[in-house]
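The next block holds one structure in the form of structure tokens; read it before the comments.
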Amino acid sequence: MQSLAWIEIIGGISFQLLPVWIALILTFGFSIYYKRRLGLYGKLFDSTIGMIGFAIVMFWVFSGIFAGIFDWIITHDPLHQVSGMKNKLPGTPMRGAEEGEYPYYLFGGDHLARDVFSRMIAGGTVVILIAPLATLFSFMVGITLGLSAGYYGKRLDTNLSFLANLILAFPVILLFYLLVTPEIRATGLPQYLTVVLFAFPLIFIAVLINTRFQTTPTARNIYLTLALFIVGWAYISVINQPESKITLFNSIDLFDIDGGLLTVFVSVVFVNSPTVFRIVRGLTMDIKTRDYVAAAQTRGEGAWYIMLWEILPNARGPLIVDFCLRIGYTTILFGTLGFFGLGLEPESPNWGATINGGRKLLLMYPTPALVPSFALMSLVLGLNLLADGLREESLRD
Amino acid sequence: MVKNDTLSKDSQHILEINNLSISFFTRLAEIPAVMNFSTSIEPGEAVGLVGESGCGKSTVALGVMQDLGVNGRIVGGSIKFKGQNLSEIDEQELRDIRGNEIAMIYQEPMASLNPSMKILDQLIEVPLTHETISKTEAKNRAFEVVTDVKLPDPERILNSYPHQLSGGQQQRIVIAMALMSKPSLLILDEPTTALDVTVEAAVVELVKDLGKKYGTSMLFISHNLGLILQTCDRICVMYSGEAVETGKIDTVFNKMRHPYTEALFRSIPLPGADKNDRPLVAIPGNFPLPHERPQGCNFGPRCDYFIEGLCNSSAIKMASIEGNSKHFSRCIRTTDITWNLKRKATQTTDKTPPGEITLHVDSLKKYYKVAANELFGTSSEMKLVKANETISFDAHESETLAIVGESGCGKSTFAKVLLGLETATEGEVRINNQNIEGIPIEKRDTKTVANIQMVFQNPFDTLNPSMKIGRQIVRALEVFQIGESNEDRHNRMLELLDLVKLPHEFADRMPRQLSGGQKQRVGIARAFSGGARIVVADEPVSALDVSVQAAVTDLLMEIQRKEKTTLLFISHDLSLVRYLSDRVVVMYLGHVVELGTTDDVFSPPYHPYTEALLSAVPIADTNVEKQHIVLEGDIPSALDPPSGCPFQTRCRWKQKVPNNQCEIEVPNIKHLSKGHYIKCHLSDDNLEIMEPVIKIRN
């Protein structure tokens, strides 16, 4: 069989991505049609920049989801090595392809004879799963602490800000190296960090429900019990690991997360939350001078009600924009970590590790390194454009 | 550049605006902000531009400066400055005119000054850019101009940064900067809105004098008719993007020929009139949004004289009034309407007599400790700010007690202590015989909290922008433990909306969908939701347009009568205070300087500060003659109050008190009549000779 020409490669890839195109067209058609009713999200479709960013981001989200859940799009197992496919150029026909197997390596093979295209898509799945989640957790930590520091001020603010500065002053990469070192992991430090950091979403949700339904105790108790049960169980399952420092809840442990992944996750939350903390703190200090906050105070509302229901919703604009940007930073951070081989398993198809794998033969076989690089760049670019679009549109009307 | 060379003989006008139309382009549509606007300004003339917010008056000013931003564009008509069409000349010529021949003074003085440049450098920048002039000359001129705007110690002022000056001083510098190049046209866009009344009076006085001295023409933009009366020769009333009436001040004030102008005058309280004889009449309805303007007369839907088929058939043109070729009105019924009709109150409401004492304040003191150095302050370096100094008064059920004073007088601190956001340093506050001065709000029981509520000043800030109106009121009900079930509370919320005369649909709206007046009504509904006995209203209408002010004020009074609430009305608008309050407390630098019934306080003998305040209030009535008292200087800082009487630094009666007593000791309370006292050293003889500040000519 002959190798594919570039035009055929593009055709083949486009065809593989067909579900993504359909999903994108449906999303855009629906959103543009109803854009006047969709608030800020709808306004996004008035800005070209925002739309381009959104399209790029959604491309990776859809391909990640379809590949991760339905096993669509990817042509070969991203970990599977096929003999004779080592360092092959894009469009090389697969040697000894069996019936039902995709007969080409669309983006060629890497130094371990794995399909570059499939690894790119599979790497997207990892990022789409971890980056937003890690950012969300950083936001919960940052918001909880930032609100209280900004609202109460004084000593609490001084201490928390100092702590935030301390974390920010420490070199990130060094911190990661420290946290993933086997000796440090053996002491259980990353796990204790998990215990602390993952407690914030729990606190956040509990306080949110409590303040909202404080005046109707029965409803409050029901919702609170329900939420605490679900989130609490998830919390316990996350922090509990058999054969580690915390094995107290082995009997009710629902699932285990790979230790390396968890460490990376926690480290990312740990270094991201101080920045979120600062933003939220600043916004809170501004918003707390508004009359509606004074009105809430004069009717005797509790401090946490004011923070979560009077201040936080009105800080959402800048926070949404920052959330988009921060997913981008997190993606880069994950890439960096993968590149250094920290945390995730070495053969996992994450983009950073793949770039590292391909860099040694970069001059002769550029595709294995370039493909994930462009993937990473395009996702981050998309997120930045999306953030720009959102910022622009939220200021205009 | 030689000035005035372009002023040809045939064009007498400094500025001539002809059928000007300005539109803003948004993503949805073109929004016409100004339509067919024409006016002209002669040399040395001052023209006032009046109208409510959103009527396009500032847009006209920006149009003249050719500074409409990215969205705005002139879509029709012309602006001629000294015969030169401003939209036809290029950027360079425009720059020569801006700041040099046309100068503009904005509302916020701090925002108009560069905070990182010394005053002197900012001032000399103007002539250095526009003229070939040496630096020394420019400096000399700066010195001259700063002396002209009556700033004390020009040397020191020129060497300071903007933040080192007070608001009043900053505004004077902005005026000085505008005068640096001796412009032929000065545009003032609400130049005193951000200032206190006494400071405002001084600045207005200054602008008027300088206009005469330099022969500058002025375009004075304001929503305050009283200010326009004091400063301008001619007036132009705008409504919804159009000029509706123009003419000489006297003519328009006394023989108005447009229903909107008439309605405006009816809705502002004038000190010369009695509230039963001349009740406030609010303009019904709302200001039309630019894209929802009605056909025909824009004011039609709100007008009392509206005739179907006549007023809304076609666009209405400006036409001159019979017998006066310089008086124009955009109304086709000028000859049919009986103007200046006295309106009797449609329903006279008897004042409910004040009941028992609900609030008792006795020698209340509130001191703040401020560290001289934020970081390393020790107790020895602590400075004491005396925000409230021995405040004592009683307030009765269904009584309106006005608290009057300028910013920094301690009225907000007092409100905070009352509401429990701060605790008192000394003295007592009793509500229904329960002491609350030391109990912060978290420790107060629900009943006490619900009993004292507040209506806030800024309607755009009083509601949480991301919560539905209904939910905000229901939340207040929940907190005050009113209603058994959610349904119960929902119904109660709808009743409250009825109470403030808002339709039930508003429960599901977001605050941004409401106008300022409507928001303020929601704020009032929220304050009364727990059956409040005492409501503190902190300038509840000062941020609203005049036509809405009357409606909101009336509503507040009506609810108060119904609920028999004690209303503490904090305001600096003495006309309004006189209109609605039973008793008045005048505060200055934390002290109560005068207390008495409204009639006592508004007639002599006054406390010297009350006298100055009364004189400072601009009054939109040509029949009123005011005694002219301008206070020198600014309000001293509470951090560093003057010795003795707090008012002694600005008092014009100080010389009348022997032995410099004013500077030595704080005056004692001096009872003038039952329930009326002042804190002043003046002897009875001196108080005798005080004349009424406001006199009404017949």
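Letters A, B, ... go to the chains of the structure tokens in the order shown; residues in each chain start at 1; ligands are counted from 1 in the same order.
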
Residue hits in chain A, query chain B, radius 7 Å, only C-alpha atoms, as an MDAnalysis selection string: chainID A and resid 215 290:292 298:300 310 313:314

Preceding selection exported with N, CA and C atoms as a PDB file, in the first residue's frame:
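Writing done, so here's out-v9.pdb:
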```pdb
ATOM      1  N   THR A 215     -33.097  30.336  57.202  1.00  0.00           N
ATOM      2  CA  THR A 215     -34.354  30.802  57.793  1.00  0.00           C
ATOM      3  C   THR A 215     -35.430  29.736  57.778  1.00  0.00           C
ATOM      4  N   ARG A 290     -20.485  48.415  48.879  1.00  0.00           N
ATOM      5  CA  ARG A 290     -21.738  48.766  48.214  1.00  0.00           C
ATOM      6  C   ARG A 290     -22.891  48.823  49.203  1.00  0.00           C
ATOM      7  N   ASP A 291     -23.902  49.577  48.810  1.00  0.00           N
ATOM      8  CA  ASP A 291     -25.054  49.739  49.698  1.00  0.00           C
ATOM      9  C   ASP A 291     -25.823  48.452  49.931  1.00  0.00           C
ATOM     10  N   TYR A 292     -25.870  47.567  48.910  1.00  0.00           N
ATOM     11  CA  TYR A 292     -26.659  46.359  49.149  1.00  0.00           C
ATOM     12  C   TYR A 292     -26.010  45.471  50.187  1.00  0.00           C
ATOM     13  N   THR A 298     -27.604  45.586  57.743  1.00  0.00           N
ATOM     14  CA  THR A 298     -28.598  46.218  58.620  1.00  0.00           C
ATOM     15  C   THR A 298     -29.811  45.332  58.840  1.00  0.00           C
ATOM     16  N   ARG A 299     -30.003  44.298  58.025  1.00  0.00           N
ATOM     17  CA  ARG A 299     -31.087  43.400  58.406  1.00  0.00           C
ATOM     18  C   ARG A 299     -30.548  42.185  59.134  1.00  0.00           C
ATOM     19  N   GLY A 300     -29.280  42.271  59.551  1.00  0.00           N
ATOM     20  CA  GLY A 300     -28.731  41.273  60.453  1.00  0.00           C
ATOM     21  C   GLY A 300     -28.341  39.975  59.795  1.00  0.00           C
ATOM     22  N   GLU A 310     -24.348  37.831  48.522  1.00  0.00           N
ATOM     23  CA  GLU A 310     -24.412  39.244  48.137  1.00  0.00           C
ATOM     24  C   GLU A 310     -23.146  39.664  47.385  1.00  0.00           C
ATOM     25  N   PRO A 313     -21.856  36.518  43.868  1.00  0.00           N
ATOM     26  CA  PRO A 313     -22.516  36.567  42.552  1.00  0.00           C
ATOM     27  C   PRO A 313     -22.176  37.838  41.781  1.00  0.00           C
ATOM     28  N   ASN A 314     -21.868  38.910  42.475  1.00  0.00           N
ATOM     29  CA  ASN A 314     -21.584  40.149  41.778  1.00  0.00           C
ATOM     30  C   ASN A 314     -20.121  40.272  41.391  1.00  0.00           C
TER      31      ASN A 314
END
```

For region 237-248 of chain B, please output as a count of residues only all residues within 8 Å (counting only C-alpha atoms; exclusion window: fewer than 4 positions along the same chain). 34

Would you list the contacts of Val47 (chain B) as a PyMOL selection string, taking every protein, DNA or RNA residue within 9 Å and counting only C-alpha atoms, but skipping same-chain residues closer than 2 positions in sequence? chain B and resi 40-41+45+49+217-221+228+231-236

Can you tell me which residues surround Ser3 (chain A) at a distance of at most 6 Å, considering only C-alpha atoms, apart from same-chain residues fewer than 5 positions away, and format the answer as an NGL selection string? :A and (91-93)

DSSP on the backbone, strand (DSSP E) only: what residues of region 97-184 of chain B does that give? Format it as a ChimeraX atom specification. /B:102-105

Keeping only C-alpha atoms, write the selected residues to a file as a JSON list (two decimals), in the first residue's frame.
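Listed below is the output, out-v5.json:
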```json
[["chain", "number", "residue", "atom", "x", "y", "z"],
["B", 102, "ILE", "CA", -13.34, 75.92, 24.26],
["B", 103, "ALA", "CA", -12.67, 74.58, 27.73],
["B", 104, "MET", "CA", -14.71, 72.05, 29.58],
["B", 105, "ILE", "CA", -15.23, 71.46, 33.28]]
```

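Nearest residue to Lys86 (chain A) among A:Gly124, A:Pro242, A:Gly341, A:Gly358 is A:Gly358, counting only C-alpha atoms.
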
Wanna dump the region 603-644 of chain B-region 667-690 of chain B contacts at 8 Å for me, each residue with its shortest atom pair and the distance in Å to one decimal, counting only C-alpha atoms, ordered by chain and number, as JSON lines?
```
{"residue": "B:Pro604", "atom": "CA", "partner": "B:Met690", "partner_atom": "CA", "distance": 6.0}
{"residue": "B:Pro605", "atom": "CA", "partner": "B:Leu687", "partner_atom": "CA", "distance": 5.3}
{"residue": "B:Tyr606", "atom": "CA", "partner": "B:Leu687", "partner_atom": "CA", "distance": 7.3}
{"residue": "B:His607", "atom": "CA", "partner": "B:Ile678", "partner_atom": "CA", "distance": 6.0}
{"residue": "B:Gly644", "atom": "CA", "partner": "B:Pro667", "partner_atom": "CA", "distance": 7.5}
```

For the residues selected in the previous step, produce a file with C-alpha atoms as a short mmCIF file (atom, residue, chain, number, x, y, z; two decimals), in the first residue's frame.
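Everything below was put into out14.cif:
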```
data_model
loop_
_atom_site.label_atom_id
_atom_site.label_comp_id
_atom_site.auth_asym_id
_atom_site.auth_seq_id
_atom_site.Cartn_x
_atom_site.Cartn_y
_atom_site.Cartn_z
CA PRO B 604 -34.39 83.71 62.65
CA PRO B 605 -32.68 83.61 65.00
CA TYR B 606 -30.50 80.99 63.42
CA HIS B 607 -27.32 79.30 64.32
CA GLY B 644 -13.57 75.75 70.72
#
```

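Nearest to Tyr235 (chain A) of all the residues A:Val195, A:Leu18, A:Leu390, A:Leu248 is A:Val195, counting only C-alpha atoms.
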
Region 36-253 of chain A: which residues are helix (DSSP H, G or I) by DSSP, as a ChimeraX atom specification? /A:36-37,39-46,48-70,116-152,154-169,172-180,182-187,189-197,199-213,217-239,250-252
